[in-house]
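Enquirer: A single structure is presented below for examination.
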Amino acid sequence: MGAAIPLIQLSLGALLTATALATWGNFRPRPVTGRAVRIIQWVTAVCLLGATLLLLTVDRGSGKPSPILTLMAAVATLPSWRPFKRTPWRTAVRILPAMILTIGSLLVEPDDTVPALCGAMMHAALAACGGLAARIAGDALGTLVRPAARPDRTLAALLILLTLVVGLDALITLGQRGIAWPEPAAARALLASTWLLWIAVRILPDRQPRLRAALSIGASLLLVTAAL
Amino acid sequence: MITDIPRDRWQTTWRFLTSDSLLAALLLATAAELIIAGWLPQAPLDDPVAHAQWLSESQARFGQATSTMEALSLFAITRSPIFRALLSLLAGCLLLRLIEVVDQWRTHRAEHASSRPPSPWATSARLLAHVGALVLLAGLFITHTWGWQVTDLIVQGDTRIPLAGTEEWVSLDPDTHDVLHSTGIIPHVHEQGPGVTIRASDSAGTPVSLQKPTEADPVIQLEVALNEEQYLAVPEERIIIQLTVQSTDSPTPYAPVLVQAYLNSPNQPAASATIQNDQELVVGDVTLTFARMPYARLTATHNPGLWPTGAGLVLLALGVMGCAAWSWQPAQSAEEET
């Protein structure tokens, strides 16, 4: 199998450690805890990216783990733009989706069929979208318990990347086949619905943070499913 | 006071129709419909064979609920009245919001010339998103109303095949195997494979008629696309011919073809040959002449809404990305919050 599985297992252990540290930091706030969690997140993200590259090159076509899910987990693991000290508990919750994706990458068999979208780059961009969606889902989990400001930068990045993927795919399909969304195309219908969901999440008024959080979690699940 | 009431109602209605909440609700409803379309197998439109196969699979999967689900248009979401009504409402909402955006922009310029104007990029992105979405919806409407599509069309040789009773046509270049077509058509080739043209003649050189099992009238020349194993007959001479492509997964246009001709015994072929190029095969008194003629299976689309759809997509994508990049927050939201 090579080094991919040990790297992913190492990442999973690191994520567990980061979650434990962030939870502990919530009760005993110390600056060093926050820094440690951020460093662990960076190292884990690099490990998961390395595992993705290994799965796409050296270990290509060897079944599990799924490189799409490891790429999503890597993007979801990257530390937040915001300072750690304000929301240590939230950091622990934010790591949860990345952990689920990492565990999923070890369990889910990658789909070897031809992807519905045009090209590997588009698929990789969609996987990155899934990772960003998982980050937002982590924030949303925290918001469900205690409402907070929405994660604007991550949401903006996700919306830009997802719009690029959906728009380019529709334009290429329009040029090649004469119709932007030909029938029957389940993957494209799911992707278009995910895009509409995220736009709806973006324009929902701020006075409904819990509704926005619930929608974000649903849209994240849908996006991860569509990207697989 | 009495004269104020209708004006307030009008303002409340206008505010509701142009609100972010309504747009978000319409987008969520459209997304929900598309999710159903993505999860449930949608009924094929044109092909009766594919439709019959889809129906049997759906009945096996959903049992007695199939008829109820079919009545609710769950197997034809994008053609259902609910989906069309949703898109119409979305278009109406976007049009009103576009008027609101332009009005707010002009009012701000006239009344607040001294104050800090909103970012021109943010305003442009907002306008682009609304105009793009409307142009896209108009393009989809034109496509749905005046466009048409012919699916699973088999094209062989340079004979122009007319499409859907119009002057549009497709054919295949005999040398390069590229699809030739009239200007209003976009062909999409699903697969290319081997095919043959067959003629038969007796010992005196007189043409003998050939017949496909599925075709009633015998003909002098048959064009056969070998997308699957094919059978044909020479009825006058009681000859059955079996054509099989000698290749595995995806045969190339010039993959070898095994020809087996059965004269008296259904188990023992009277003659057989593997055709690489043009070739003759003698079976009893009949000479079969085979000429290679690859086929293409394609979908031909006529879409008068192509350019509006494309332009709408580009404008909408630029608008949405611009709104996200400049963290655009609609003025309506701020109004609602206060």
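Ordered as shown in the structure tokens, chains take letters A, B, and onward, while each chain numbers its residues from 1 and ligands are numbered from 1 in the order shown.
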Please provide the set of residues having any atom within 9 Å of stretch 52-56 of chain B, restricted to only C-alpha atoms, with same-chain residues fewer than 3 positions apart removed, written as a list in words.
Expert: Pro41, Gln42, Ala43, Pro44, Asp47, Pro48, Val49, Gln59, Ala60, Arg61 and Thr66 of chain B
Enquirer: Would you kindly return, as a ChimeraX atom specification, each protein, DNA or RNA residue with an atom no farther than 10 Å from any atom of B:Trp121, considering only C-alpha atoms and excluding same-chain residues fewer than 6 positions away?
Expert: /B:127,319,322-323,325-326,328
Enquirer: Suppose we keep C-alpha atoms; can you now write the selection as a compact mmCIF listing (two decimals), in the first residue's frame?
Expert:
```txt
# COMPACT_ATOMS: atom_id res chain seq x y z
CA LEU B 127 -26.14 44.06 -11.03
CA GLY B 319 -21.69 38.47 -10.37
CA GLY B 322 -17.89 39.42 -7.27
CA CYS B 323 -20.53 39.57 -4.54
CA ALA B 325 -15.27 38.58 -3.09
CA TRP B 326 -16.39 42.05 -2.04
CA TRP B 328 -21.49 42.21 -0.63
```
Enquirer: Any idea which chain B residues end up within 6 Å of chain A if we count only C-alpha atoms, as a list in words please?
Expert: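 Therefore, the residues near the partner are Ala24, Leu27, Leu28, Ala31, Leu34, Ile35, Gly38, Ile186, His188, Thr301, Ala317, Met321, Ala324 and Ser333 of chain B.
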Enquirer: Identify, on the basis of only C-alpha atoms, every residue whose closest approach to stretch 255-271 of chain B does not exceed 7 Å; exclude the query and any residue fewer than 6 positions from it along the same chain; express the result as a short mmCIF file (atom, residue, chain, number, x, y, z; two decimals) with C-alpha atoms, in the first residue's frame.
Expert:
```cif
data_model
loop_
_atom_site.label_atom_id
_atom_site.label_comp_id
_atom_site.auth_asym_id
_atom_site.auth_seq_id
_atom_site.Cartn_x
_atom_site.Cartn_y
_atom_site.Cartn_z
CA PRO B 194 -17.26 -0.61 -36.82
CA ARG B 238 -32.26 -19.18 -47.05
CA ILE B 239 -28.97 -17.82 -45.79
CA ILE B 240 -28.56 -16.37 -42.30
CA ILE B 241 -25.57 -14.12 -41.67
CA GLN B 242 -24.15 -13.38 -38.22
CA LEU B 243 -21.83 -10.39 -37.71
CA THR B 244 -19.72 -10.14 -34.54
CA VAL B 245 -17.08 -7.58 -33.68
CA GLN B 246 -13.87 -9.30 -32.61
CA SER B 247 -12.91 -6.82 -29.94
CA VAL B 283 -21.91 -18.95 -49.65
#
```
Enquirer: Just list the residues in stretch 70-288 of chain B DSSP gives strand (DSSP E or B) on the backbone, as JSON, numbers by chain.
Expert: {"B": [148, 149, 150, 151, 152, 153, 154, 155, 156, 161, 162, 169, 170, 171, 172, 179, 180, 181, 186, 187, 188, 189, 190, 191, 192, 193, 195, 196, 197, 198, 199, 200, 201, 207, 208, 210, 211, 219, 221, 222, 223, 224, 225, 230, 231, 232, 233, 234, 239, 240, 241, 242, 243, 244, 245, 257, 258, 259, 260, 261, 262, 271, 272, 273, 274, 275, 279, 280, 281, 282, 283, 286, 287, 288]}
Enquirer: For B:Pro235, find every residue with an atom within 8 Å (counting only C-alpha atoms), except residues of its own chain fewer than 4 positions away, and show them as a PyMOL selection string.
Expert: chain B and resi 209-211+239
Enquirer: Selected residues, N, CA and C atoms, written as a PDB file, in the first residue's frame, please.
Expert:
```pdb
ATOM      1  N   SER B 209     -31.718  -9.778 -52.847  1.00  0.00           N
ATOM      2  CA  SER B 209     -32.168  -8.905 -51.754  1.00  0.00           C
ATOM      3  C   SER B 209     -31.733  -9.436 -50.380  1.00  0.00           C
ATOM      4  N   LEU B 210     -31.531  -8.475 -49.466  1.00  0.00           N
ATOM      5  CA  LEU B 210     -31.124  -8.777 -48.091  1.00  0.00           C
ATOM      6  C   LEU B 210     -32.197  -8.246 -47.147  1.00  0.00           C
ATOM      7  N   GLN B 211     -32.246  -8.822 -45.953  1.00  0.00           N
ATOM      8  CA  GLN B 211     -33.273  -8.401 -44.998  1.00  0.00           C
ATOM      9  C   GLN B 211     -32.742  -8.488 -43.568  1.00  0.00           C
ATOM     10  N   ILE B 239     -30.276 -17.995 -46.449  1.00  0.00           N
ATOM     11  CA  ILE B 239     -28.975 -17.817 -45.789  1.00  0.00           C
ATOM     12  C   ILE B 239     -29.156 -16.855 -44.611  1.00  0.00           C
TER      13      ILE B 239
END
```
Enquirer: Excluding B:Leu87 and residues on its chain fewer than 5 positions from it, collect all residues at most 9 Å away from it, counting only C-alpha atoms, and give them as an MDAnalysis selection string.
Expert: chainID B and resid 26 30 82 92 137
Enquirer: Let me make sure I understand: among A:Cys47, A:Pro182, A:Arg212, A:Thr17, which one has the smallest atom-to-atom distance to B:Asn303 if we use only C-alpha atoms?
Expert: A:Pro182
Enquirer: Write out as a ChimeraX atom specification which residues come within 9 Å of A:Val75 when counting only C-alpha atoms, dropping same-chain ones fewer than 4 positions away.
Expert: /A:45,48-49,70-71,98,127-132,134-135
Enquirer: Pick out the closest residue to B:Ser21 from this set: B:Thr287, B:Cys93, B:Val155, B:Glu236. Count only C-alpha atoms.
Expert: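 Of B:Thr287, B:Cys93, B:Val155, B:Glu236, the one nearest B:Ser21 is B:Cys93, counting only C-alpha atoms.
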Enquirer: Take atom CA of A:Ala213 and atom CA of B:Arg126 and report the distance between them in Å, one decimal.
Expert: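 Atom CA of B:Arg126 lies at a distance of 24.2 Å from atom CA of A:Ala213.
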Enquirer: Which residue out of B:Leu140, B:Ala204, B:Val101, B:Met69 has the minimum interatomic distance to B:Leu128 when only C-alpha atoms are used?
Expert: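 Of B:Leu140, B:Ala204, B:Val101, B:Met69, the one nearest B:Leu128 is B:Val101, counting only C-alpha atoms.
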Enquirer: With distances taken over only C-alpha atoms, which of A:Ile8, A:Thr91, A:Gly138, A:Ile103 is nearest to A:Thr33?
Expert: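 The shortest atom-to-atom distance to A:Thr33 comes from A:Thr91.
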Enquirer: If you measure from atom CA of B:Gln192 to atom CA of B:Leu281, what distance in Å do you get, rounded to one decimal?
Expert: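 Calculated distance between atom CA of B:Gln192 and atom CA of B:Leu281 is 25.4 Å.
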